[in-house]
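For reference, the structure discussed in these notes is given below.
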Amino acid sequence: TNVAETSVTIPGIKYVIDSGKVKCRVYKPGEAFEMLKVMKISKAQAAQRAGRAGRETSGNCYRLYTEEEYKKFDDHTVPEILRCNLSSVLLHLTALGIKNCIDFDFMDKPSIESIKSGLSFLEELQALQKINDFQFELTTLGKQMVNFPLEPQFSRILVASSEMGCSEEILSIISLLYVEKIFFVPQFKKEVATEVHKKFVSSEGDLIMLLKVFRAFKANNGNMQWANDNFISHREMKTALQVRQQLSSLFQKQGLNKQSCGNNTEAVRKCLAVGLFKNIAVLQKDGFYKTIHSQKEVYIHPSSCLFNSKPEVVIYTDLIQTTKCYMKNVSVIDLGWVNQEIR
């Protein structure tokens with residue numbers, strides 16, 4: 001992982017296998033979408049990976065690419081601020097009193113197009129309001145959003161959940177999105193694990209499926225044996241509980257109302273659409289989906305519980321580019337829920 005590559009020294013590691021690939025976020029401001037893409041590493045990353053072996057003793061690094069391929073790698077990794085969505089950075093800069101982010105003296109200056117795209121998105125989220133062509137300030141909603149350690153679209157969803165009466169459910173779902181994969185499938189028990197996971201499947205999509213898992217975990221008092229029997233990562237679920245506790249505390253400090261919608265999961269999906277309105281895809285006659293904003297051809301990821309179904313309209317949290325451009329964490333919505341002005 002990227003963390004293991006640069007930030008962690010694991011005792012006793014003598015061998016490293018370097019694939020020469022990395023999964024990183026790439027943002028295209030002109031098309032207004034961000035995706036996870038598998039890309040070639042840089043020479044600097046290759047050196048870091050080799051350095052993981054032999055930190056405490058001699059070691060070996062086995063590289064799964066040729067010397068000719070290595071020579072074609074970039075010398076250094078492109079800084080994250082130059083390839084990612086800037087909306088979170090811009091929200092926090094504005095909160096610090098910097099009204100003109102376009103002229104801000106960044107160490108690595110992003111393109112004007114990226115900055116304007118980020119500001120425009122924050123305006124659509126109703127987090128910023130324009131003073132003039134170059135200056136912005138936080139709205140009342142933006143002042144609430146900036147207090148959550150989340151991407152702006154999820155902060156917007158969290159604030160909206162207070163008004164829409166589903167904050168308990170949204171807190172649980174967002175907490176699970178900020179941990180690693182909670183489902184695990186042992187190599188020699190694939191059929192059993194897949195069958196067990198079916199009881200959590202929801203026709204409404206992956207995020208409601210996550211909610212069902214969280215509720216079941218809580219109903220069983222976070223029991224480790226229950227998690228193991230259901231092929232659910234107990235460690236990740238405990239981490240999600242800690243994340244939820246932190247978000248819940250911040251939520252209440254904002255004076256927001258904590259409510260549960262019970263079994264009315266349509267309210268949850270409506271609330272998700274408030275922040276993910278740019279992540280809408282519509283089914284086409286040829287069987288693939290096309291995103292509304294960028295008109296990009298996308299597909300439901302094979303890991304989704306909706307993979308074998310074809311709902312007319314869906315929202316997603318992430319795009320990942322492999323052999324195709326796949327949507328992750330997909331949920332069914334009604335296009336009528338999304339305000340025409342926002343779309």
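Just remember, in the structure tokens the first chain shown is A, the second B, etc., residues are 1-based per chain, and ligands are 1-based in the order shown.
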Exercise. Do you know which residues are at most 6 Å from range 150-166 of chain A counting only C-alpha atoms, after dropping those on the same chain fewer than 4 positions away, and could you put them as a list in words?
Worked result: Ser88, Met145, Leu256, Asn257, Gln259, Ser260, Cys261, Leu272 and Gly275 of chain A
Take the selection from the previous step and output its residues with all heavy atoms, as a PDB file, in the first residue's frame.
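Generated output (result-v9.pdb):
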ATOM      1  N   SER A  88     -11.988  19.988  -1.071  1.00  0.00           N
ATOM      2  CA  SER A  88     -11.741  19.955   0.375  1.00  0.00           C
ATOM      3  C   SER A  88     -10.690  20.986   0.779  1.00  0.00           C
ATOM      4  O   SER A  88     -10.854  21.705   1.778  1.00  0.00           O
ATOM      5  CB  SER A  88     -11.292  18.556   0.797  1.00  0.00           C
ATOM      6  OG  SER A  88     -11.109  18.492   2.195  1.00  0.00           O
ATOM      7  N   MET A 145     -20.128  22.306   7.534  1.00  0.00           N
ATOM      8  CA  MET A 145     -19.435  21.253   6.789  1.00  0.00           C
ATOM      9  C   MET A 145     -17.953  21.189   7.108  1.00  0.00           C
ATOM     10  O   MET A 145     -17.362  20.105   7.194  1.00  0.00           O
ATOM     11  CB  MET A 145     -19.629  21.465   5.289  1.00  0.00           C
ATOM     12  CG  MET A 145     -21.021  21.154   4.778  1.00  0.00           C
ATOM     13  SD  MET A 145     -21.310  21.721   3.085  1.00  0.00           S
ATOM     14  CE  MET A 145     -19.991  20.863   2.198  1.00  0.00           C
ATOM     15  N   LEU A 256     -26.829  19.817  15.524  1.00  0.00           N
ATOM     16  CA  LEU A 256     -27.659  19.097  14.558  1.00  0.00           C
ATOM     17  C   LEU A 256     -28.463  17.999  15.256  1.00  0.00           C
ATOM     18  O   LEU A 256     -28.005  17.429  16.254  1.00  0.00           O
ATOM     19  CB  LEU A 256     -26.773  18.502  13.461  1.00  0.00           C
ATOM     20  CG  LEU A 256     -25.991  19.531  12.624  1.00  0.00           C
ATOM     21  CD1 LEU A 256     -24.936  18.829  11.771  1.00  0.00           C
ATOM     22  CD2 LEU A 256     -26.932  20.340  11.753  1.00  0.00           C
ATOM     23  N   ASN A 257     -29.624  17.706  14.729  1.00  0.00           N
ATOM     24  CA  ASN A 257     -30.520  16.727  15.350  1.00  0.00           C
ATOM     25  C   ASN A 257     -30.204  15.306  14.900  1.00  0.00           C
ATOM     26  O   ASN A 257     -30.145  15.031  13.707  1.00  0.00           O
ATOM     27  CB  ASN A 257     -31.979  17.045  14.994  1.00  0.00           C
ATOM     28  CG  ASN A 257     -32.414  18.390  15.546  1.00  0.00           C
ATOM     29  OD1 ASN A 257     -32.071  18.742  16.665  1.00  0.00           O
ATOM     30  ND2 ASN A 257     -33.168  19.146  14.754  1.00  0.00           N
ATOM     31  N   GLN A 259     -31.448  11.713  14.409  1.00  0.00           N
ATOM     32  CA  GLN A 259     -32.705  10.990  14.272  1.00  0.00           C
ATOM     33  C   GLN A 259     -32.488   9.725  13.460  1.00  0.00           C
ATOM     34  O   GLN A 259     -31.547   9.636  12.676  1.00  0.00           O
ATOM     35  CB  GLN A 259     -33.748  11.852  13.547  1.00  0.00           C
ATOM     36  CG  GLN A 259     -34.063  13.179  14.206  1.00  0.00           C
ATOM     37  CD  GLN A 259     -34.988  14.010  13.342  1.00  0.00           C
ATOM     38  OE1 GLN A 259     -36.120  13.614  13.075  1.00  0.00           O
ATOM     39  NE2 GLN A 259     -34.516  15.158  12.893  1.00  0.00           N
ATOM     40  N   SER A 260     -33.380   8.773  13.643  1.00  0.00           N
ATOM     41  CA  SER A 260     -33.340   7.552  12.852  1.00  0.00           C
ATOM     42  C   SER A 260     -34.592   7.471  11.988  1.00  0.00           C
ATOM     43  O   SER A 260     -35.687   7.838  12.421  1.00  0.00           O
ATOM     44  CB  SER A 260     -33.267   6.330  13.767  1.00  0.00           C
ATOM     45  OG  SER A 260     -33.410   5.145  12.999  1.00  0.00           O
ATOM     46  N   CYS A 261     -34.418   6.996  10.775  1.00  0.00           N
ATOM     47  CA  CYS A 261     -35.564   6.825   9.870  1.00  0.00           C
ATOM     48  C   CYS A 261     -36.107   5.401   9.926  1.00  0.00           C
ATOM     49  O   CYS A 261     -36.994   5.040   9.153  1.00  0.00           O
ATOM     50  CB  CYS A 261     -35.172   7.196   8.443  1.00  0.00           C
ATOM     51  SG  CYS A 261     -33.866   6.154   7.753  1.00  0.00           S
ATOM     52  N   LEU A 272     -28.388  10.682   0.439  1.00  0.00           N
ATOM     53  CA  LEU A 272     -27.128  10.429  -0.255  1.00  0.00           C
ATOM     54  C   LEU A 272     -27.057  11.204  -1.569  1.00  0.00           C
ATOM     55  O   LEU A 272     -26.002  11.716  -1.960  1.00  0.00           O
ATOM     56  CB  LEU A 272     -26.969   8.932  -0.524  1.00  0.00           C
ATOM     57  CG  LEU A 272     -26.726   8.046   0.701  1.00  0.00           C
ATOM     58  CD1 LEU A 272     -26.921   6.575   0.335  1.00  0.00           C
ATOM     59  CD2 LEU A 272     -25.329   8.268   1.272  1.00  0.00           C
ATOM     60  N   GLY A 275     -25.560  14.938  -1.697  1.00  0.00           N
ATOM     61  CA  GLY A 275     -24.133  15.207  -1.840  1.00  0.00           C
ATOM     62  C   GLY A 275     -23.493  14.551  -3.047  1.00  0.00           C
ATOM     63  O   GLY A 275     -22.452  15.006  -3.538  1.00  0.00           O
TER      64      GLY A 275
END
Exercise. Which residues in range 39-235 of chain A does DSSP call strand (DSSP E)? List them as a list in words.
Worked result: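 The strand (DSSP E) residues within range 39-235 of chain A come out as Met39, Lys40, Asn60, Cys61, Tyr62, Arg63, Leu128, Gln129, Lys130, Phe136, Glu137 and Leu138 of chain A.
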Okay, now the selection with all heavy atoms, as a compact mmCIF listing (two decimals), in the first residue's frame?
# COMPACT_ATOMS: atom_id res chain seq x y z
N MET A 39 -1.83 2.99 -12.14
CA MET A 39 -0.82 3.68 -12.94
C MET A 39 0.57 3.13 -12.63
O MET A 39 0.78 2.45 -11.62
CB MET A 39 -0.85 5.19 -12.65
CG MET A 39 -2.21 5.83 -12.87
SD MET A 39 -2.25 7.57 -12.40
CE MET A 39 -1.19 8.29 -13.65
N LYS A 40 1.53 3.46 -13.49
CA LYS A 40 2.91 3.09 -13.24
C LYS A 40 3.49 3.98 -12.13
O LYS A 40 3.16 5.15 -12.03
CB LYS A 40 3.74 3.25 -14.51
CG LYS A 40 3.39 2.26 -15.61
CD LYS A 40 4.24 2.49 -16.85
CE LYS A 40 3.88 1.49 -17.95
NZ LYS A 40 4.67 1.71 -19.19
N ASN A 60 16.01 -8.29 0.03
CA ASN A 60 15.93 -8.29 -1.44
C ASN A 60 14.60 -7.73 -1.91
O ASN A 60 13.56 -7.94 -1.26
CB ASN A 60 16.08 -9.72 -1.98
CG ASN A 60 17.46 -10.30 -1.71
OD1 ASN A 60 18.43 -9.92 -2.34
ND2 ASN A 60 17.53 -11.22 -0.74
N CYS A 61 14.66 -7.04 -3.05
CA CYS A 61 13.45 -6.53 -3.69
C CYS A 61 13.34 -7.16 -5.08
O CYS A 61 14.28 -7.07 -5.88
CB CYS A 61 13.50 -5.00 -3.81
SG CYS A 61 12.09 -4.30 -4.67
N TYR A 62 12.21 -7.80 -5.34
CA TYR A 62 11.98 -8.41 -6.64
C TYR A 62 11.01 -7.54 -7.44
O TYR A 62 9.86 -7.36 -7.04
CB TYR A 62 11.41 -9.82 -6.46
CG TYR A 62 12.37 -10.76 -5.78
CD1 TYR A 62 12.31 -10.97 -4.40
CD2 TYR A 62 13.37 -11.41 -6.50
CE1 TYR A 62 13.20 -11.83 -3.76
CE2 TYR A 62 14.26 -12.27 -5.87
CZ TYR A 62 14.18 -12.47 -4.51
OH TYR A 62 15.07 -13.30 -3.88
N ARG A 63 11.49 -6.99 -8.52
CA ARG A 63 10.70 -6.06 -9.33
C ARG A 63 10.08 -6.80 -10.52
O ARG A 63 10.80 -7.44 -11.28
CB ARG A 63 11.57 -4.90 -9.79
CG ARG A 63 11.96 -3.98 -8.64
CD ARG A 63 12.94 -2.91 -9.07
NE ARG A 63 13.07 -1.87 -8.04
CZ ARG A 63 14.00 -0.92 -8.03
NH1 ARG A 63 14.89 -0.87 -9.03
NH2 ARG A 63 14.04 -0.03 -7.08
N LEU A 128 -20.18 27.43 -0.34
CA LEU A 128 -19.58 28.74 -0.60
C LEU A 128 -20.57 29.64 -1.32
O LEU A 128 -21.45 29.15 -2.05
CB LEU A 128 -18.33 28.62 -1.49
CG LEU A 128 -17.11 27.87 -0.96
CD1 LEU A 128 -15.97 27.99 -1.97
CD2 LEU A 128 -16.68 28.37 0.40
N GLN A 129 -20.41 30.94 -1.11
CA GLN A 129 -21.16 31.91 -1.90
C GLN A 129 -20.18 32.92 -2.48
O GLN A 129 -19.18 33.28 -1.85
CB GLN A 129 -22.23 32.60 -1.08
CG GLN A 129 -21.73 33.39 0.12
CD GLN A 129 -22.88 33.91 0.97
OE1 GLN A 129 -24.02 33.51 0.81
NE2 GLN A 129 -22.57 34.82 1.90
N LYS A 130 -20.47 33.37 -3.68
CA LYS A 130 -19.55 34.25 -4.41
C LYS A 130 -19.71 35.69 -3.95
O LYS A 130 -20.83 36.20 -3.83
CB LYS A 130 -19.82 34.13 -5.91
CG LYS A 130 -18.83 34.86 -6.79
CD LYS A 130 -19.15 34.66 -8.27
CE LYS A 130 -18.76 33.27 -8.73
NZ LYS A 130 -18.88 33.13 -10.21
N PHE A 136 -14.69 34.31 -2.60
CA PHE A 136 -15.78 33.51 -2.05
C PHE A 136 -15.73 33.56 -0.53
O PHE A 136 -14.68 33.83 0.06
CB PHE A 136 -15.66 32.06 -2.51
CG PHE A 136 -15.85 31.86 -3.99
CD1 PHE A 136 -14.80 32.08 -4.87
CD2 PHE A 136 -17.07 31.43 -4.49
CE1 PHE A 136 -14.98 31.89 -6.23
CE2 PHE A 136 -17.25 31.23 -5.84
CZ PHE A 136 -16.20 31.47 -6.72
N GLU A 137 -16.85 33.27 0.09
CA GLU A 137 -16.90 33.14 1.54
C GLU A 137 -17.80 31.96 1.92
O GLU A 137 -18.63 31.51 1.12
CB GLU A 137 -17.41 34.42 2.19
CG GLU A 137 -18.84 34.79 1.81
CD GLU A 137 -19.29 36.11 2.41
OE1 GLU A 137 -18.46 36.78 3.07
OE2 GLU A 137 -20.47 36.48 2.20
N LEU A 138 -17.61 31.46 3.14
CA LEU A 138 -18.41 30.32 3.60
C LEU A 138 -19.86 30.73 3.83
O LEU A 138 -20.14 31.82 4.34
CB LEU A 138 -17.84 29.77 4.91
CG LEU A 138 -16.51 29.01 4.89
CD1 LEU A 138 -16.18 28.54 6.29
CD2 LEU A 138 -16.56 27.83 3.94
Exercise. With only C-alpha atoms as the atoms that count, which of A:Ile292, A:Leu90, A:Val26, A:Ile115 lies nearest to Ile320 in chain A?
Worked result: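 Under the stated criterion, the closest residue is A:Val26.
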Problem set entry | Spatial neighbours of Ser202 in chain A, max dist 12 Å, only C-alpha atoms, sep filter under 3 positions, as a PyMOL selection string | chain A and resi 197-199+205-213+265+304-307+309+330-332
Selection: 10 Å around Lys71 in chain A, only C-alpha atoms, excl. self and same-chain fewer than 5 positions, as a short mmCIF file (atom, residue, chain, number, x, y, z; two decimals) with C-alpha atoms, in the first residue's frame:
data_model
loop_
_atom_site.label_atom_id
_atom_site.label_comp_id
_atom_site.auth_asym_id
_atom_site.auth_seq_id
_atom_site.Cartn_x
_atom_site.Cartn_y
_atom_site.Cartn_z
CA SER A 42 7.85 6.68 -10.38
CA LYS A 43 11.53 5.90 -9.89
CA THR A 66 12.15 -4.85 -16.86
#
Exercise. Residues at most 10 Å from Val243 in chain A, counting only C-alpha atoms, excluding those fewer than 5 positions away in the same chain, as a list in words?
Worked result: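 Here the qualifying residues turn out to be Leu171, Ser172, Ile174, Ser175, Leu176, Tyr178, Val179, Met237, Lys238 and Ser248 of chain A.
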Exercise. Which one is closest to Thr57 in chain A: A:Gly20, A:Gly142, A:Gly97, A:Pro11? Count only C-alpha atoms.
Worked result: A:Pro11
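Interatomic distance, CA of Lys143 in chain A against CA of Pro110 in chain A: 24.5 Å.
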Problem set entry | All residues 12 Å or closer to range 81-87 of chain A, only C-alpha atoms, same chain fewer than 4 positions away omitted, as a PyMOL selection string | chain A and resi 24-37+77+91-94+101-102+106-125+127-128+142+145-146+150-155
For this session: From the DSSP assignment of the backbone, select every residue of range 84-200 of chain A that is helix (DSSP H, G or I), and format the answer as a count of residues only.
Result: 63
For this session: Find the spatial neighbours of range 278-284 of chain A, counting only C-alpha atoms, within a cut-off of 7 Å - ignore same-chain residues fewer than 6 positions away - and output them as number ranges by chain.
Result: A: 290-293, 312-317
For this session: Take CA of Tyr299 in chain A and CA of Lys181 in chain A and report the distance between them in Å, one decimal.
Result: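 Going from CA of Tyr299 in chain A over to CA of Lys181 in chain A, I get 20.0 Å.
Checking A:Asn230, A:Ile173, A:Cys325, A:Gln254 one by one against Phe214 in chain A, counting only C-alpha atoms, you find the shortest gap at A:Ile173.
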Exercise. How many Å lie between CA of Gln187 in chain A and CA of Ser303 in chain A, rounded to one decimal?
Worked result: 15.9 Å
